[in-house]
>>> print(open('structure.csv').read())   # CSV, C-alpha atoms
chain,number,residue,atom,x,y,z
A,24,MET,CA,-8.2,10.9,-15.9
A,25,ASN,CA,-9.1,8.4,-13.2
A,26,ASN,CA,-6.7,8.2,-10.2
A,27,ILE,CA,-5.1,4.9,-10.9
A,28,PHE,CA,-2.1,5.4,-8.6
A,29,ASN,CA,-4.0,4.7,-5.4
A,30,ASN,CA,-4.5,1.0,-6.1
A,31,THR,CA,-2.1,-0.4,-3.5
A,32,GLN,CA,-3.2,-4.0,-4.2
A,33,ILE,CA,-1.6,-3.7,-7.7
A,34,ALA,CA,1.3,-1.6,-6.5
A,35,PHE,CA,2.5,-4.1,-3.9
A,36,ALA,CA,1.3,-7.4,-5.3
A,37,LEU,CA,4.8,-8.8,-5.5
A,38,LYS,CA,5.7,-7.8,-1.9
A,39,SER,CA,5.3,-10.2,1.0
A,40,ASP,CA,4.1,-9.0,4.3
A,41,THR,CA,7.6,-9.1,5.6
A,42,GLU,CA,8.9,-7.1,2.6
A,43,LEU,CA,6.2,-4.6,3.2
A,44,ASP,CA,7.1,-4.3,6.8
A,45,ARG,CA,10.7,-3.7,5.9
A,46,ALA,CA,9.8,-1.0,3.4
A,47,TYR,CA,7.7,0.7,6.1
A,48,PHE,CA,10.6,0.6,8.5
A,49,LEU,CA,13.1,2.0,6.0
A,50,PHE,CA,10.9,4.9,4.9
A,51,LYS,CA,10.1,5.7,8.5
A,52,LEU,CA,13.9,6.1,9.0
A,53,ILE,CA,14.4,8.1,5.8
A,54,ASN,CA,11.6,10.4,6.8
A,55,SER,CA,13.8,11.8,9.6
A,56,GLN,CA,16.6,14.1,8.4
A,57,PRO,CA,18.6,13.8,11.6
A,58,LEU,CA,18.4,10.0,11.4
A,59,VAL,CA,19.6,10.0,7.8
A,60,ARG,CA,22.5,12.2,8.6
A,61,ILE,CA,23.5,10.1,11.6
A,62,GLY,CA,23.0,6.8,9.7
A,63,THR,CA,25.0,8.1,6.8
A,64,ALA,CA,28.0,9.1,9.0
A,65,VAL,CA,27.8,5.8,11.0
A,66,THR,CA,27.6,3.7,7.8
A,67,ASN,CA,30.5,5.4,6.1
A,68,PHE,CA,32.6,5.0,9.2
A,69,ALA,CA,31.7,1.3,9.6
A,70,ILE,CA,32.6,0.5,6.0
A,71,LYS,CA,35.9,2.5,6.1
A,72,ALA,CA,36.8,0.8,9.4
A,73,ASN,CA,35.9,-2.6,7.9
A,74,LEU,CA,33.3,-3.4,10.6
A,75,PRO,CA,31.1,-6.3,9.8
A,76,VAL,CA,28.0,-4.3,8.7
A,77,GLU,CA,27.6,-5.6,5.1
A,78,SER,CA,25.1,-8.3,6.0
A,79,LEU,CA,23.0,-5.8,7.9
A,80,ILE,CA,23.1,-3.4,5.0
A,81,ARG,CA,22.3,-6.2,2.6
A,82,ALA,CA,19.3,-7.4,4.5
A,83,THR,CA,17.8,-3.9,4.8
A,84,VAL,CA,18.4,-0.9,2.6
A,85,PHE,CA,20.4,-2.8,-0.1
A,86,ASP,CA,17.8,-5.4,-0.8
A,87,HIS,CA,15.1,-2.8,-0.9
A,88,PHE,CA,16.8,-0.5,-3.4
A,89,CYS,CA,19.1,-2.9,-5.3
A,90,GLY,CA,18.7,-6.0,-7.4
A,91,GLY,CA,21.9,-7.8,-6.2
A,92,VAL,CA,25.6,-7.7,-6.0
A,93,ASN,CA,26.1,-8.7,-9.6
A,94,GLU,CA,24.1,-8.9,-12.8
A,95,ASP,CA,23.1,-12.6,-12.4
A,96,ASP,CA,21.7,-11.8,-8.9
A,97,CYS,CA,19.3,-9.4,-10.6
A,98,LEU,CA,17.7,-11.9,-13.0
A,99,SER,CA,15.2,-13.3,-10.4
A,100,VAL,CA,14.1,-9.7,-9.6
A,101,VAL,CA,13.9,-8.9,-13.4
A,102,ASP,CA,11.7,-12.0,-14.1
A,103,LYS,CA,9.5,-11.4,-11.1
A,104,MET,CA,8.7,-7.7,-12.0
A,105,TYR,CA,8.1,-8.7,-15.6
A,106,THR,CA,5.3,-11.0,-14.5
A,107,LYS,CA,3.4,-7.8,-13.8
A,108,GLY,CA,4.6,-6.1,-17.0
A,109,VAL,CA,7.3,-4.0,-15.4
A,110,SER,CA,10.6,-4.0,-17.3
A,111,SER,CA,14.1,-3.5,-15.8
A,112,VAL,CA,17.1,-1.3,-16.6
A,113,LEU,CA,20.2,-3.0,-15.1
A,114,ASP,CA,22.2,-0.1,-13.5
A,115,TYR,CA,25.8,-0.8,-12.4
A,116,SER,CA,25.7,1.7,-9.6
A,117,VAL,CA,29.3,1.8,-8.6
A,118,GLU,CA,30.3,5.5,-8.3
A,119,GLY,CA,33.3,7.7,-7.5
A,120,LYS,CA,36.0,5.7,-9.1
A,121,GLU,CA,39.2,7.3,-10.4
A,122,GLU,CA,41.4,4.6,-11.8
A,123,GLU,CA,41.8,3.5,-15.4
A,124,ASN,CA,41.3,-0.2,-14.5
A,125,GLN,CA,38.1,0.7,-12.7
A,126,PHE,CA,36.8,2.5,-15.8
A,127,ASP,CA,37.7,-0.5,-18.0
A,128,ALA,CA,35.8,-2.8,-15.5
A,129,ALA,CA,32.7,-0.5,-15.8
A,130,LEU,CA,33.0,-0.6,-19.5
A,131,GLU,CA,33.1,-4.4,-19.5
A,132,MET,CA,30.1,-4.5,-17.2
A,133,THR,CA,28.1,-2.1,-19.4
A,134,LEU,CA,28.9,-4.2,-22.5
A,135,LYS,CA,27.7,-7.3,-20.5
A,136,THR,CA,24.4,-5.6,-19.6
A,137,ILE,CA,23.9,-4.7,-23.3
A,138,GLU,CA,24.2,-8.5,-24.0
A,139,PHE,CA,21.7,-9.2,-21.2
A,140,ALA,CA,19.3,-6.6,-22.8
A,141,LYS,CA,19.6,-8.2,-26.2
A,142,GLU,CA,18.7,-11.6,-24.8
A,143,ARG,CA,15.8,-10.6,-22.6
A,144,LYS,CA,12.6,-8.7,-23.6
A,145,ALA,CA,12.3,-7.8,-19.9
A,146,ILE,CA,15.4,-5.6,-20.2
A,147,PRO,CA,14.7,-3.0,-22.9
A,148,PHE,CA,17.5,-0.6,-22.1
A,149,ALA,CA,21.1,-0.6,-21.0
A,150,VAL,CA,22.6,2.4,-19.1
A,151,PHE,CA,25.8,3.9,-17.8
A,152,LYS,CA,27.1,7.0,-16.1
A,153,PRO,CA,29.7,9.2,-17.9
A,154,THR,CA,31.9,9.2,-14.7
A,155,GLY,CA,31.8,5.4,-14.8
A,156,LEU,CA,34.0,5.7,-17.9
A,157,GLY,CA,36.2,8.6,-16.9
A,158,ARG,CA,37.2,11.1,-14.2
A,159,LEU,CA,34.8,13.9,-13.3
A,160,ASP,CA,37.6,16.4,-13.2
A,161,LEU,CA,38.7,15.5,-16.7
A,162,TYR,CA,35.1,16.1,-18.0
A,163,GLU,CA,35.2,19.4,-16.3
A,164,LYS,CA,38.4,20.5,-17.9
A,165,VAL,CA,37.3,19.4,-21.4
A,166,GLY,CA,33.9,21.1,-20.9
A,167,GLU,CA,35.7,24.4,-19.9
A,168,LYS,CA,37.9,24.1,-23.0
A,169,GLN,CA,41.0,24.0,-20.9
A,170,THR,CA,44.3,23.0,-22.5
A,171,LEU,CA,45.0,19.3,-21.7
A,172,SER,CA,48.4,18.0,-21.0
A,173,PRO,CA,49.6,15.2,-23.3
A,174,ASP,CA,48.7,12.6,-20.6
A,175,GLU,CA,45.3,14.1,-20.1
A,176,GLN,CA,44.6,14.2,-23.8
A,177,ALA,CA,45.5,10.5,-24.0
A,178,GLU,CA,43.2,9.9,-21.0
A,179,TRP,CA,40.3,11.8,-22.7
A,180,ASP,CA,40.9,9.8,-25.9
A,181,ARG,CA,40.4,6.6,-23.9
A,182,VAL,CA,37.1,8.0,-22.5
A,183,VAL,CA,35.9,8.8,-26.0
A,184,THR,CA,36.9,5.3,-27.1
A,185,ARG,CA,35.0,3.7,-24.2
A,186,PHE,CA,31.8,5.8,-25.1
A,187,ASP,CA,32.1,4.7,-28.7
A,188,GLN,CA,32.6,1.0,-27.8
A,189,VAL,CA,29.4,1.0,-25.7
A,190,CYS,CA,27.3,3.0,-28.2
A,191,SER,CA,28.6,0.9,-31.1
A,192,GLU,CA,27.8,-2.3,-29.3
A,193,ALA,CA,24.3,-1.0,-28.5
A,194,HIS,CA,23.8,-0.1,-32.1
A,195,LYS,CA,25.0,-3.5,-33.3
A,196,LYS,CA,22.7,-5.4,-30.9
A,197,ASN,CA,19.8,-3.0,-31.4
A,198,VAL,CA,19.6,-2.2,-27.7
A,199,ALA,CA,18.5,1.3,-26.6
A,200,LEU,CA,21.1,3.0,-24.4
A,201,LEU,CA,20.4,5.5,-21.6
A,202,ILE,CA,23.4,7.8,-20.6
A,203,ASP,CA,22.8,9.4,-17.2
A,204,ALA,CA,23.4,13.1,-16.4
A,205,GLU,CA,25.6,14.2,-13.5
A,206,GLU,CA,26.9,17.5,-12.0
A,207,SER,CA,26.5,20.6,-14.2
A,208,TRP,CA,30.2,21.4,-14.2
A,209,MET,CA,31.0,18.1,-16.0
A,210,GLN,CA,27.9,18.0,-18.1
A,211,ASP,CA,29.0,20.1,-21.1
A,212,ALA,CA,31.7,17.7,-22.1
A,213,ALA,CA,29.4,14.7,-21.6
A,214,ASP,CA,26.6,16.4,-23.6
A,215,ASP,CA,29.0,17.0,-26.5
A,216,LEU,CA,30.2,13.4,-26.4
A,217,VAL,CA,26.6,12.0,-26.3
A,218,THR,CA,25.5,14.3,-29.1
A,219,GLU,CA,28.4,12.9,-31.2
A,220,MET,CA,27.2,9.4,-30.4
A,221,MET,CA,23.7,10.3,-31.5
A,222,ARG,CA,25.0,11.8,-34.7
A,223,LYS,CA,26.8,8.5,-35.4
A,224,TYR,CA,24.3,5.9,-34.1
A,225,ASN,CA,20.9,7.5,-34.2
A,226,LYS,CA,20.7,7.8,-38.0
A,227,GLU,CA,17.8,5.3,-38.5
A,228,LYS,CA,16.2,5.3,-35.1
A,229,VAL,CA,16.9,6.2,-31.5
A,230,ILE,CA,19.6,4.0,-29.9
A,231,VAL,CA,21.5,6.6,-27.8
A,232,PHE,CA,19.6,8.6,-25.1
A,233,ASN,CA,21.1,11.5,-23.2
A,234,THR,CA,19.5,12.7,-19.9
A,235,LEU,CA,18.2,16.2,-19.2
A,236,GLN,CA,17.9,17.3,-15.6
A,237,MET,CA,15.0,19.7,-15.7
A,238,TYR,CA,15.7,21.4,-12.4
A,239,ARG,CA,18.3,23.2,-14.5
A,240,TRP,CA,16.7,26.3,-16.1
A,241,ASP,CA,18.8,26.1,-19.3
A,242,ARG,CA,17.8,22.5,-20.3
A,243,LEU,CA,14.7,23.3,-22.4
A,244,ASP,CA,16.7,25.7,-24.6
A,245,TYR,CA,19.4,23.1,-24.9
A,246,LEU,CA,16.9,20.6,-26.1
A,247,LYS,CA,15.5,23.0,-28.7
A,248,LYS,CA,19.0,23.8,-30.0
A,249,LEU,CA,19.8,20.1,-30.2
A,250,HIS,CA,16.6,19.6,-32.2
A,251,GLU,CA,17.6,22.2,-34.7
A,252,GLN,CA,21.0,20.5,-35.1
A,253,ALA,CA,19.3,17.1,-35.5
A,254,LYS,CA,17.0,18.4,-38.2
A,255,THR,CA,20.0,19.9,-40.1
A,256,GLU,CA,22.2,16.8,-39.7
A,257,GLY,CA,19.6,14.1,-39.9
A,258,PHE,CA,19.7,12.2,-36.6
A,259,PHE,CA,17.1,11.1,-34.0
A,260,ILE,CA,17.0,12.4,-30.5
A,261,GLY,CA,16.5,10.2,-27.4
A,262,MET,CA,16.1,11.9,-24.0
A,263,LYS,CA,15.6,10.6,-20.5
A,264,LEU,CA,13.8,13.5,-18.7
A,265,VAL,CA,14.3,13.7,-15.0
A,266,ARG,CA,14.1,16.5,-12.4
A,267,GLY,CA,17.6,16.0,-11.1
A,268,ALA,CA,19.5,14.6,-8.1
A,269,TYR,CA,22.3,17.0,-7.2
A,270,MET,CA,20.4,20.2,-6.2
A,271,GLU,CA,22.0,20.8,-2.8
A,272,LYS,CA,25.5,20.2,-4.2
A,273,GLU,CA,24.8,22.5,-7.2
A,274,ASN,CA,23.5,25.4,-5.1
A,275,VAL,CA,26.4,25.1,-2.6
A,276,ARG,CA,29.0,25.1,-5.3
A,277,ALA,CA,27.4,28.0,-7.2
A,278,GLU,CA,27.4,30.1,-4.0
A,279,GLU,CA,31.0,29.1,-3.0
A,280,LYS,CA,32.3,30.0,-6.5
A,281,GLY,CA,30.2,33.1,-7.0
A,282,TYR,CA,28.2,32.1,-10.2
A,283,ALA,CA,24.5,32.0,-10.8
A,284,THR,CA,23.1,28.7,-9.8
A,285,PRO,CA,22.0,26.5,-12.7
A,286,ILE,CA,19.0,25.3,-10.6
A,287,CYS,CA,15.5,26.7,-11.1
A,288,ALA,CA,14.4,29.1,-8.4
A,289,SER,CA,11.6,26.9,-7.0
A,290,LYS,CA,10.2,23.4,-7.2
A,291,GLU,CA,7.2,24.8,-9.1
A,292,ALA,CA,9.6,26.2,-11.7
A,293,SER,CA,11.3,22.8,-12.0
A,294,ASP,CA,7.9,21.1,-12.5
A,295,ILE,CA,6.9,23.6,-15.2
A,296,ASN,CA,10.2,23.1,-16.9
A,297,TYR,CA,9.9,19.3,-16.8
A,298,ASP,CA,6.4,19.3,-18.2
A,299,ALA,CA,7.4,21.8,-20.9
A,300,ALA,CA,10.2,19.4,-22.1
A,301,VAL,CA,7.8,16.5,-22.1
A,302,LEU,CA,5.3,18.5,-24.2
A,303,TYR,CA,8.0,19.7,-26.6
A,304,MET,CA,9.2,16.1,-27.2
A,305,ALA,CA,5.7,14.7,-27.5
A,306,GLU,CA,5.1,17.2,-30.3
A,307,HIS,CA,8.1,16.0,-32.2
A,308,LEU,CA,7.8,12.2,-31.8
A,309,ASP,CA,8.6,11.8,-35.5
A,310,THR,CA,12.2,12.4,-34.6
A,311,MET,CA,12.3,11.9,-30.8
A,312,SER,CA,11.9,9.3,-28.1
A,313,ILE,CA,11.1,10.0,-24.5
A,314,PHE,CA,12.1,8.1,-21.3
A,315,ALA,CA,10.1,10.0,-18.7
A,316,GLY,CA,12.0,9.3,-15.5
A,317,THR,CA,9.7,10.7,-12.8
A,318,HIS,CA,8.3,9.9,-9.4
A,319,ASN,CA,5.8,12.7,-9.7
A,320,GLU,CA,2.2,11.6,-10.1
A,321,GLU,CA,1.0,14.8,-11.6
A,322,SER,CA,3.7,14.9,-14.4
A,323,THR,CA,2.9,11.2,-15.1
A,324,TYR,CA,-0.8,11.9,-15.5
A,325,LYS,CA,0.0,14.9,-17.7
A,326,LEU,CA,2.0,12.7,-20.1
A,327,MET,CA,-0.7,10.0,-20.1
A,328,GLU,CA,-3.4,12.7,-20.9
A,329,LEU,CA,-1.1,14.1,-23.6
A,330,MET,CA,-0.8,10.7,-25.2
A,331,LYS,CA,-4.5,10.3,-25.1
A,332,ALA,CA,-5.2,13.7,-26.6
A,333,LYS,CA,-2.7,13.1,-29.4
A,334,GLY,CA,-4.0,9.6,-30.1
A,335,ILE,CA,-0.7,8.0,-29.1
A,336,GLN,CA,-1.1,4.3,-28.1
A,337,SER,CA,0.0,3.5,-24.5
A,338,THR,CA,2.3,0.8,-26.0
A,339,ASP,CA,4.0,3.3,-28.4
A,340,ASP,CA,7.7,2.4,-28.2
A,341,ARG,CA,8.8,6.1,-28.4
A,342,ILE,CA,7.4,6.8,-24.9
A,343,TRP,CA,8.6,5.0,-21.8
A,344,PHE,CA,8.0,5.8,-18.1
A,345,GLY,CA,10.7,5.0,-15.6
A,346,GLN,CA,11.1,4.9,-11.8
A,347,LEU,CA,13.8,3.6,-9.4
A,348,TYR,CA,13.6,0.2,-7.9
A,349,GLY,CA,12.2,0.3,-4.4
A,350,MET,CA,10.3,3.6,-4.9
A,351,SER,CA,7.0,4.7,-6.4
A,352,ASP,CA,5.6,1.2,-7.0
A,353,ASN,CA,2.2,2.7,-7.0
A,354,ILE,CA,3.1,4.5,-10.2
A,355,SER,CA,5.2,1.7,-11.8
A,356,TYR,CA,2.8,-1.2,-11.4
A,357,ASN,CA,-0.4,0.7,-12.0
A,358,LEU,CA,1.1,2.1,-15.3
A,359,ALA,CA,2.0,-1.5,-16.3
A,360,ALA,CA,-1.5,-2.7,-15.4
A,361,ASN,CA,-2.9,0.0,-17.7
A,362,GLY,CA,-0.8,-1.0,-20.6
A,363,TYR,CA,2.0,1.6,-20.6
A,364,ASN,CA,5.7,1.0,-21.2
A,365,ILE,CA,7.4,1.1,-17.9
A,366,ALA,CA,10.9,0.2,-16.7
A,367,LYS,CA,12.4,0.4,-13.3
A,368,TYR,CA,16.1,1.2,-12.8
A,369,LEU,CA,17.6,-1.8,-11.0
A,370,PRO,CA,20.9,-0.9,-9.4
A,371,PHE,CA,23.5,-3.6,-8.6
A,372,GLY,CA,27.1,-3.9,-7.5
A,373,PRO,CA,29.1,-4.9,-4.5
A,374,VAL,CA,27.5,-3.6,-1.3
A,375,LYS,CA,30.4,-1.3,-0.3
A,376,ASP,CA,30.7,0.2,-3.8
A,377,VAL,CA,27.0,0.9,-4.1
A,378,MET,CA,26.8,2.7,-0.7
A,379,PRO,CA,27.3,6.2,-2.3
A,380,TYR,CA,24.2,5.5,-4.5
A,381,LEU,CA,22.2,4.3,-1.5
A,382,ILE,CA,23.1,7.3,0.6
A,383,ARG,CA,22.1,9.6,-2.2
A,384,ARG,CA,18.7,7.9,-2.5
A,385,ALA,CA,18.2,8.3,1.3
A,386,GLU,CA,19.2,12.0,1.1
A,387,GLU,CA,17.1,12.6,-2.0
A,388,ASN,CA,14.0,11.0,-0.4
A,389,THR,CA,14.5,13.2,2.7
A,390,SER,CA,14.9,16.4,0.8
A,391,VAL,CA,12.0,16.0,-1.8
A,392,ALA,CA,8.9,17.3,-0.2
A,393,GLY,CA,6.3,14.7,0.3
A,394,GLN,CA,8.2,11.8,-1.4
A,395,THR,CA,8.7,9.7,1.7
A,396,SER,CA,5.4,10.5,3.4
A,397,ARG,CA,3.7,9.4,0.1
A,398,GLU,CA,5.6,6.1,0.2
A,399,LEU,CA,4.6,5.6,3.8
A,400,SER,CA,0.9,6.4,3.2
A,401,MET,CA,0.8,3.9,0.4
A,402,ILE,CA,2.5,1.1,2.4
A,403,LYS,CA,0.2,1.9,5.4
A,404,ALA,CA,-2.9,1.7,3.2
A,405,GLU,CA,-1.8,-1.7,1.8
A,406,ARG,CA,-1.0,-3.1,5.2
A,407,ASN,CA,-4.4,-2.0,6.4
A,408,ARG,CA,-6.0,-3.6,3.3
A,409,ARG,CA,-4.3,-6.9,4.0
A,410,LYS,CA,-5.2,-6.9,7.7
A,411,GLY,CA,-8.8,-6.2,6.7
A,412,LYS,CA,-8.8,-9.3,4.5
A,413,LYS,CA,-7.4,-11.6,7.2
>>> encode(input="structure.csv", output="structure tokens")
Amino acid sequence: MNNIFNNTQIAFALKSDTELDRAYFLFKLINSQPLVRIGTAVTNFAIKANLPVESLIRATVFDHFCGGVNEDDCLSVVDKMYTKGVSSVLDYSVEGKEEENQFDAALEMTLKTIEFAKERKAIPFAVFKPTGLGRLDLYEKVGEKQTLSPDEQAEWDRVVTRFDQVCSEAHKKNVALLIDAEESWMQDAADDLVTEMMRKYNKEKVIVFNTLQMYRWDRLDYLKKLHEQAKTEGFFIGMKLVRGAYMEKENVRAEEKGYATPICASKEASDINYDAAVLYMAEHLDTMSIFAGTHNEESTYKLMELMKAKGIQSTDDRIWFGQLYGMSDNISYNLAANGYNIAKYLPFGPVKDVMPYLIRRAEENTSVAGQTSRELSMIKAERNRRKGKK
């Protein structure tokens, strides 16, 4: 297959020279692990100390990786991307909350994004994180089958009700719903809950998608078992396939607590696992839908080639590609230019509340071999191309 991802003119068509320069500056910073560590510590301190840094954060890292501080802010970005055929997933990226009123606020925001998705073709999915609707520690307890106190049981019942409200609304409005994966020690409870939602709302077609982090060596077996259950009980499976975003945390915890790490032994093993899950799902498209969330060019090409070999149209609604806003534009926009279904996660939320998300993005870019250097080489190539034209 021709290398379509090197076309920087298509990749950065929506970026002004100033935005391109800012992207270059940001990825240069992210390329240095010491700078990321120092920047993270300084930013966290500045926010906690209520120093006036929000405008600086907003003008740099926030505006590059986020759509805005609220859902309305995002619409101009959504419309702009859609002129190039790239859809959006509005992602309320407020993390680490612990209070019931905060979970209810996240619920209301998720319901609002479902309404947005219903009204706009440019927003084909809604999304939420399980810990947006309940405490991580509670998911962990439920997943480990620990006995809950009466208060904890009431709290878990509220989590289940919130899940059902969101999935029911998505089903009613015919909006596909992505549910993100998080740390492995809370994921069993989340998986069981999402499976229950699939059983309830994926009877005719895929509405509810779970997420598989394929850097976990057990996820392909999990998918196959779920497929057997789906065949027996008669429901469709939707899966967002990603490599994963918590590797360092997972390995550290496994070592501290003395259990085998759930993470594959190498990046190569993760890549093999990811591609195997894509292949498995592509072979069962009669009952499955794939959201291939990847910044890996090779895996993207493999799925494109698989689609071609199986005679699957690029516009087939059962296969979507996805990347994060502010990253891998060379993949996203060139996929769209070649007729594939592509949606970028568009995070939003108050600057302070979105900082944990932004810090994770910076750390992830620093730790993934070649990710940042690839971004830099693409931006450099486009800057040189533009200078050559002037």
>>> atom_distance(input="structure.csv", atom1="CA of Met378 in chain A", atom2="CA of Leu347 in chain A")
15.7 Å
>>> atom_distance(input="structure.csv", atom1="CA of Ile286 in chain A", atom2="CA of Asp376 in chain A")
28.5 Å
>>> closest_atom_pairs(input="structure.csv", of="range 137-161 of chain A", to="range 183-190 of chain A", cutoff="9 Å", atoms="only C-alpha atoms", output="JSON lines")
{"residue": "A:Ile137", "atom": "CA", "partner": "A:Val189", "partner_atom": "CA", "distance": 8.3}
{"residue": "A:Pro153", "atom": "CA", "partner": "A:Phe186", "partner_atom": "CA", "distance": 8.2}
{"residue": "A:Leu156", "atom": "CA", "partner": "A:Arg185", "partner_atom": "CA", "distance": 6.7}
{"residue": "A:Gly157", "atom": "CA", "partner": "A:Arg185", "partner_atom": "CA", "distance": 8.9}
>>> closest_atom_pairs(input="structure.csv", of="range 78-149 of chain A", to="range 221-244 of chain A", cutoff="12 Å", atoms="all atoms listed in the file", output="CSV")
residue,atom,partner,partner_atom,distance
A:Ile137,CA,A:Ile230,CA,11.7
A:Pro147,CA,A:Ile230,CA,11.0
A:Phe148,CA,A:Ile230,CA,9.3
A:Ala149,CA,A:Val231,CA,9.9
>>> closest_residue(input="structure.csv", among="A:Leu308, A:Ile342, A:Leu249, A:Met350", to="Met401 in chain A", atoms="all atoms listed in the file")
A:Met350
>>> residues_around(input="structure.csv", residues="Lys120 in chain A", least_positions_apart="4", cutoff="10 Å", atoms="only C-alpha atoms", output="list in words")
Asn124, Gln125, Phe126, Ala129, Thr154, Gly155, Leu156, Gly157, Arg158, Leu159 and Asp376 of chain A
>>> residues_around(input="structure.csv", residues="Lys247 in chain A", least_positions_apart="5", cutoff="10 Å", atoms="all atoms listed in the file", output="NGL selection string")
:A and (242 or 252-253 or 300 or 303-304)
>>> atom_distance(input="structure.csv", atom1="CA of Lys375 in chain A", atom2="CA of Leu79 in chain A")
11.9 Å
>>> closest_residue(input="structure.csv", among="A:Cys97, A:Ala145, A:Ile27, A:Ile202", to="Asp214 in chain A", atoms="all atoms listed in the file")
A:Ile202
>>> residues_near_point(input="structure.csv", point="(8.1, 2.6, -18.0)", cutoff="9 Å", atoms="all atoms listed in the file", output="PyMOL selection string")
chain A and resi 109-111+314-316+342-346+355+358-359+363-367
>>> residues_around(input="structure.csv", residues="Ile354 in chain A", least_positions_apart="3", cutoff="8 Å", atoms="only C-alpha atoms", output="list in words")
Phe28, Ala34, His318, Glu320, Ser351, Asn357 and Leu358 of chain A
>>> closest_residue(input="structure.csv", among="A:Asn274, A:Ala283, A:His194, A:Val182", to="Asp127 in chain A", atoms="all atoms listed in the file")
A:Val182
>>> closest_residue(input="structure.csv", among="A:Lys272, A:Lys168, A:Arg181, A:Lys331", to="Glu206 in chain A", atoms="all atoms listed in the file")
A:Lys272
